[in-house]
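*Asks:* So here's run25.txt, just compact mmCIF, C-alpha atoms:
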```
# COMPACT_ATOMS: atom_id res chain seq x y z
CA MET M 160 91.01 -144.74 -36.22
CA LYS M 161 88.07 -143.95 -38.54
CA SER M 162 90.44 -142.43 -41.07
CA LYS M 163 92.45 -145.65 -41.03
CA PHE M 164 89.28 -147.65 -41.70
CA PHE M 165 88.43 -145.38 -44.63
CA LEU M 166 91.89 -145.80 -46.10
CA GLN M 167 91.63 -149.59 -45.75
CA LEU M 168 88.23 -149.57 -47.42
CA ILE M 169 89.45 -147.51 -50.37
CA THR M 170 92.31 -149.99 -50.66
CA ALA M 171 89.99 -152.99 -50.63
CA VAL M 172 87.50 -151.61 -53.10
CA PHE M 173 89.96 -150.40 -55.73
CA ALA M 174 92.49 -153.16 -55.31
CA LEU M 175 89.84 -155.47 -56.70
CA CYS M 176 89.62 -153.42 -59.88
CA THR M 177 93.25 -154.00 -60.90
CA PHE M 178 93.14 -155.53 -64.33
CA VAL M 179 93.37 -155.02 -68.11
CA THR M 180 94.77 -157.41 -70.67
CA ALA M 181 97.76 -155.50 -71.98
CA ALA M 182 97.45 -156.80 -75.54
CA LYS M 183 94.00 -155.19 -75.88
CA ALA M 184 94.60 -152.11 -73.78
CA ALA M 185 94.57 -148.63 -75.29
CA PRO M 186 95.09 -145.32 -73.47
CA VAL M 187 92.10 -143.20 -72.57
CA GLU M 188 92.03 -139.60 -73.85
CA GLU M 189 92.93 -137.39 -70.91
CA GLN M 190 89.72 -135.38 -70.65
CA GLN M 191 87.68 -138.57 -70.99
CA ALA M 192 89.78 -140.12 -68.22
CA VAL M 193 89.06 -137.17 -65.92
CA SER M 194 85.31 -137.34 -66.64
CA TRP M 195 85.27 -141.10 -66.04
CA ALA M 196 87.17 -140.79 -62.76
CA GLU M 197 84.83 -138.06 -61.48
CA GLN M 198 81.72 -140.04 -62.36
CA THR M 199 83.04 -143.31 -60.93
CA GLY M 200 84.19 -141.61 -57.75
CA GLN M 201 80.77 -140.06 -57.18
CA GLN M 202 79.11 -143.43 -57.76
CA LEU M 203 81.42 -145.09 -55.23
CA ILE M 204 80.82 -142.44 -52.55
CA ALA M 205 77.05 -142.69 -53.11
CA ALA M 206 77.20 -146.48 -52.78
CA LEU M 207 79.29 -146.32 -49.61
CA GLY M 208 76.93 -143.74 -48.11
CA ASN M 209 73.83 -145.90 -48.54
CA PRO M 210 72.52 -146.55 -44.99
CA ASP M 211 70.97 -149.88 -46.03
CA LEU M 212 73.82 -152.40 -45.79
CA GLN M 213 72.15 -155.01 -48.00
CA ASN M 214 71.58 -152.45 -50.76
CA LYS M 215 75.16 -151.27 -50.30
CA TYR M 216 76.48 -154.80 -50.79
CA HIS M 217 74.25 -155.25 -53.83
CA THR M 218 75.47 -152.03 -55.49
CA LEU M 219 79.16 -152.69 -54.83
CA ASP M 220 78.86 -156.32 -55.97
CA LYS M 221 77.24 -155.04 -59.16
CA MET M 222 80.10 -152.61 -59.71
CA PHE M 223 82.63 -155.41 -59.30
CA GLY M 224 80.69 -157.69 -61.62
CA SER M 225 80.56 -155.01 -64.27
CA ASP M 226 84.09 -153.67 -64.03
CA VAL M 227 86.37 -156.40 -62.68
CA ASP M 228 87.88 -159.29 -64.66
CA THR M 229 88.32 -161.69 -61.74
CA THR M 230 89.82 -164.39 -63.95
CA TYR M 231 92.69 -162.12 -64.95
CA ILE M 232 93.21 -160.91 -61.39
CA ALA M 233 93.16 -164.45 -60.01
CA LYS M 234 95.89 -165.56 -62.41
CA PHE M 235 97.99 -162.45 -61.83
CA VAL M 236 98.01 -162.60 -58.03
CA ILE M 237 98.93 -166.29 -58.02
CA GLY M 238 101.65 -165.56 -60.60
CA LYS M 239 104.37 -168.18 -60.94
CA TYR M 240 102.40 -170.73 -58.90
CA TRP M 241 99.67 -171.03 -61.55
CA LYS M 242 101.67 -173.77 -63.28
CA LEU M 243 101.42 -175.93 -60.15
CA PHE M 244 97.62 -176.14 -60.41
CA ASN M 245 96.09 -179.08 -62.26
CA PRO M 246 93.04 -178.35 -64.47
CA GLU M 247 90.54 -179.22 -61.74
CA GLN M 248 92.37 -177.08 -59.18
CA LYS M 249 92.46 -174.17 -61.62
CA GLN M 250 88.69 -174.25 -62.02
CA SER M 251 88.17 -174.54 -58.26
CA TYR M 252 90.55 -171.66 -57.63
CA LEU M 253 88.93 -169.36 -60.19
CA SER M 254 85.48 -169.98 -58.74
CA LEU M 255 86.72 -169.55 -55.17
CA PHE M 256 88.60 -166.37 -56.03
CA ASN M 257 85.42 -164.80 -57.39
CA ARG M 258 83.77 -165.42 -54.01
CA TYR M 259 86.87 -164.12 -52.24
CA VAL M 260 86.91 -160.76 -54.00
CA LEU M 261 83.21 -160.23 -53.31
CA SER M 262 83.68 -161.08 -49.63
CA LEU M 263 86.85 -159.05 -49.11
CA TYR M 264 85.48 -155.53 -48.92
CA LYS M 265 82.60 -156.68 -46.70
CA ASN M 266 85.14 -157.43 -43.99
CA TYR M 267 85.82 -153.68 -43.56
CA PRO M 268 83.65 -151.25 -41.57
CA LEU M 269 81.00 -149.90 -43.93
CA ASP M 270 78.81 -147.98 -41.49
CA PHE M 271 80.57 -144.61 -41.54
CA ASP M 272 78.98 -141.40 -42.80
CA THR M 273 80.35 -140.29 -46.19
CA ASP M 274 78.92 -136.76 -45.90
CA GLY M 275 81.76 -134.32 -46.34
CA ILE M 276 84.04 -136.70 -48.25
CA ASP M 277 85.22 -134.89 -51.34
CA PHE M 278 87.78 -135.55 -54.04
CA GLU M 279 89.51 -133.70 -56.84
CA ILE M 280 90.97 -135.14 -60.04
CA THR M 281 94.17 -133.13 -60.14
CA SER M 282 95.53 -134.36 -63.50
CA ALA M 283 95.61 -137.14 -66.08
CA ARG M 284 98.31 -138.10 -68.56
CA ILE M 285 98.78 -140.80 -71.16
CA ASN M 286 101.56 -143.22 -70.24
CA GLY M 287 102.15 -145.79 -72.99
CA LYS M 288 99.12 -148.04 -73.31
CA PHE M 289 97.59 -146.58 -70.19
CA THR M 290 96.42 -143.28 -68.73
CA ASP M 291 97.48 -142.26 -65.23
CA VAL M 292 94.84 -140.36 -63.26
CA PHE M 293 95.80 -138.51 -60.09
CA CYS M 294 93.25 -137.86 -57.36
CA LYS M 295 93.20 -136.09 -54.01
CA VAL M 296 90.58 -137.35 -51.54
CA ASP M 297 89.76 -134.86 -48.78
CA LEU M 298 88.50 -136.44 -45.56
CA PRO M 299 85.86 -134.79 -43.38
CA GLU M 300 86.61 -134.03 -39.74
CA ASN M 301 84.99 -137.22 -38.45
CA LEU M 302 87.32 -139.35 -40.59
CA SER M 303 90.48 -137.25 -40.50
CA SER M 304 93.21 -136.85 -37.95
CA GLU M 305 96.04 -134.40 -37.29
CA ASN M 306 98.36 -136.49 -39.46
CA LEU M 307 95.87 -137.58 -42.11
CA ASN M 308 93.28 -135.23 -43.62
CA TYR M 309 93.59 -136.23 -47.28
CA ILE M 310 94.74 -139.18 -49.39
CA MET M 311 96.59 -139.01 -52.71
CA LEU M 312 95.65 -141.75 -55.17
CA GLU M 313 96.93 -142.66 -58.63
CA PHE M 314 94.86 -144.80 -60.96
CA LYS M 315 96.25 -146.53 -64.03
CA ILE M 316 93.38 -147.03 -66.46
CA ALA M 317 92.96 -148.23 -70.03
CA GLN M 318 90.20 -148.92 -72.51
CA THR M 319 89.62 -152.47 -73.64
CA ASP M 320 86.72 -153.71 -75.77
CA GLY M 321 85.24 -150.21 -75.59
CA LYS M 322 85.11 -150.08 -71.77
CA ILE M 323 87.33 -148.13 -69.38
CA LYS M 324 88.79 -150.24 -66.61
CA ILE M 325 91.33 -149.85 -63.84
CA TYR M 326 94.72 -151.51 -64.20
CA ASP M 327 96.30 -150.48 -60.91
CA LEU M 328 95.92 -148.19 -57.92
CA LYS M 329 98.79 -146.57 -56.08
CA ILE M 330 98.68 -144.99 -52.66
CA GLY M 331 101.96 -143.11 -52.52
CA GLU M 332 104.46 -145.45 -54.12
CA SER M 333 102.62 -148.64 -53.17
CA SER M 334 101.00 -150.62 -55.99
CA LEU M 335 98.00 -152.56 -54.73
CA LEU M 336 98.23 -155.07 -57.56
CA LEU M 337 101.69 -156.08 -56.38
CA THR M 338 100.64 -155.91 -52.73
CA TYR M 339 97.96 -158.53 -53.27
CA ARG M 340 100.33 -160.71 -55.27
CA ASN M 341 102.73 -160.61 -52.30
CA ARG M 342 99.87 -161.65 -50.02
CA PHE M 343 99.06 -164.68 -52.16
CA TYR M 344 102.71 -165.62 -52.55
CA THR M 345 102.97 -165.59 -48.74
CA MET M 346 99.94 -167.85 -48.48
CA MET M 347 101.46 -170.28 -50.97
CA ALA M 348 104.76 -170.30 -49.05
CA GLU M 349 102.94 -170.93 -45.77
CA ALA M 350 101.19 -173.87 -47.45
CA ASP M 351 104.61 -175.27 -48.50
CA GLU M 352 103.56 -174.62 -52.12
CA ASP M 353 100.95 -177.35 -51.79
CA VAL M 354 98.00 -176.24 -53.94
CA SER M 355 95.46 -178.31 -52.01
CA TRP M 356 96.50 -176.74 -48.71
CA PHE M 357 96.48 -173.27 -50.27
CA LEU M 358 92.95 -173.79 -51.58
CA GLU M 359 91.82 -174.98 -48.14
CA ASP M 360 93.28 -171.85 -46.54
CA LEU M 361 91.66 -169.58 -49.14
CA GLU M 362 88.33 -171.35 -48.66
CA MET M 363 88.51 -170.84 -44.89
CA LEU M 364 89.36 -167.16 -45.32
CA THR M 365 86.54 -166.64 -47.80
CA VAL M 366 83.95 -168.45 -45.68
CA SER M 367 84.99 -166.39 -42.65
CA ASN M 368 84.52 -163.16 -44.64
CA GLU M 369 81.14 -164.34 -45.93
CA GLN M 370 79.96 -165.26 -42.43
CA ASN M 371 81.04 -161.88 -41.08
CA ALA M 372 79.08 -160.17 -43.85
CA GLN M 373 75.97 -162.18 -43.00
CA GLN M 374 76.34 -161.30 -39.32
CA LYS M 375 76.48 -157.61 -40.18
CA LEU M 376 73.23 -157.95 -42.14
CA LEU M 377 71.52 -159.73 -39.25
CA TYR M 378 72.49 -157.09 -36.70
CA GLN M 379 72.09 -153.99 -38.86
```
Reformat the file's structure so that it appears as structure tokens.

*Replies:*
Amino acid sequence: MKSKFFLQLITAVFALCTFVTAAKAAPVEEQQAVSWAEQTGQQLIAALGNPDLQNKYHTLDKMFGSDVDTTYIAKFVIGKYWKLFNPEQKQSYLSLFNRYVLSLYKNYPLDFDTDGIDFEITSARINGKFTDVFCKVDLPENLSSENLNYIMLEFKIAQTDGKIKIYDLKIGESSLLLTYRNRFYTMMAEADEDVSWFLEDLEMLTVSNEQNAQQKLLYQ
């Protein structure tokens, strides 16, 4: 069960980093990509291992604020439905989505011990405008099971405006960027493609996540 929580958390954290404007994207030199992935991975594990939950939230929020273009992500995951939003709804949605992405990871268990979690960057290769980075995450005994003792990840990264950013994350063959688009398409369909209803549903989901995060801080 703990290994499942860890996998969900990795999904939540990195799914939020899925962006890069293709017109500005340039591939990252392979050795630079490996160095960046190793450094970023160590920073993430250190942040997740912080026993102080409020400091943990602060560090992860800071990472998202520095590395994630939430405006691009918000437009991508809503996809074809963006044209249904009027100007006021677009502004409301973009603001709400920023709160949503910051609340999302806080809805996962964050109190596990990261001691013993290790990872290896197995390879990196340039693929068009992007660089694919392959990573094996070894789970310690307290997070692993007979059927799951490591996770294989693939990051698609690029450099834009002089900064390396993540474009997509794959676990196996599953793209998290497309997974989250499917989730938002489902929400729009359940709202009968009514933007106002969709925004109400997203607001309720975000508020619920935020309240859960506050409860965790109170009872830490």

*Asks:* Distance atom CA of Thr319 of chain M-atom CA of Lys183 of chain M, one decimal place?

*Replies:* 5.6 Å

*Asks:* Would you kindly return, as a list in words, each protein, DNA or RNA residue with an atom no farther than 8 Å from any atom of Phe343 of chain M, considering only C-alpha atoms and excluding same-chain residues fewer than 3 positions away?

*Replies:*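 After dropping sequence-adjacent residues, the list is Val236, Ile237, Tyr339, Arg340, Met346 and Met347 of chain M.
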
*Asks:* Could you write those residues out with C-alpha atoms, as a tab-separated table (two decimals), in the frame of the given file?

*Replies:*
```
chain	number	residue	atom	x	y	z
M	236	VAL	CA	98.01	-162.60	-58.03
M	237	ILE	CA	98.93	-166.29	-58.02
M	339	TYR	CA	97.96	-158.53	-53.27
M	340	ARG	CA	100.33	-160.71	-55.27
M	346	MET	CA	99.94	-167.85	-48.48
M	347	MET	CA	101.46	-170.28	-50.97
```

*Asks:* Hey, what's within 7 Å of segment 357-366 of chain M if we count all atoms listed in the file and toss same-chain stuff fewer than 4 positions away? As a ChimeraX atom specification, please?

*Replies:* /M:252,255,258-259,262,346-347,350,353,370

*Asks:* If you measure from atom CA of Asp297 of chain M to atom CA of Asn266 of chain M, what distance in Å do you get, rounded to one decimal?

*Replies:* 23.5 Å

*Asks:* Could you jot down the atom CA of Glu189 of chain M to atom CA of Thr229 of chain M separation for me, Å, one decimal place?

*Replies:* 26.4 Å

*Asks:* Find the residue from M:Glu349, M:Leu328, M:Val296, M:Ser355 that sits nearest to Tyr309 of chain M; use all atoms listed in the file when measuring.

*Replies:*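 Selected residue with least distance to Tyr309 of chain M: M:Val296.
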
*Asks:* Here is a test: counting only C-alpha atoms, which residue of M:Met311, M:Ile232, M:Cys294, M:Leu376 is nearest to Ala196 of chain M?

*Replies:*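 Smallest separation from Ala196 of chain M among the options: M:Cys294.
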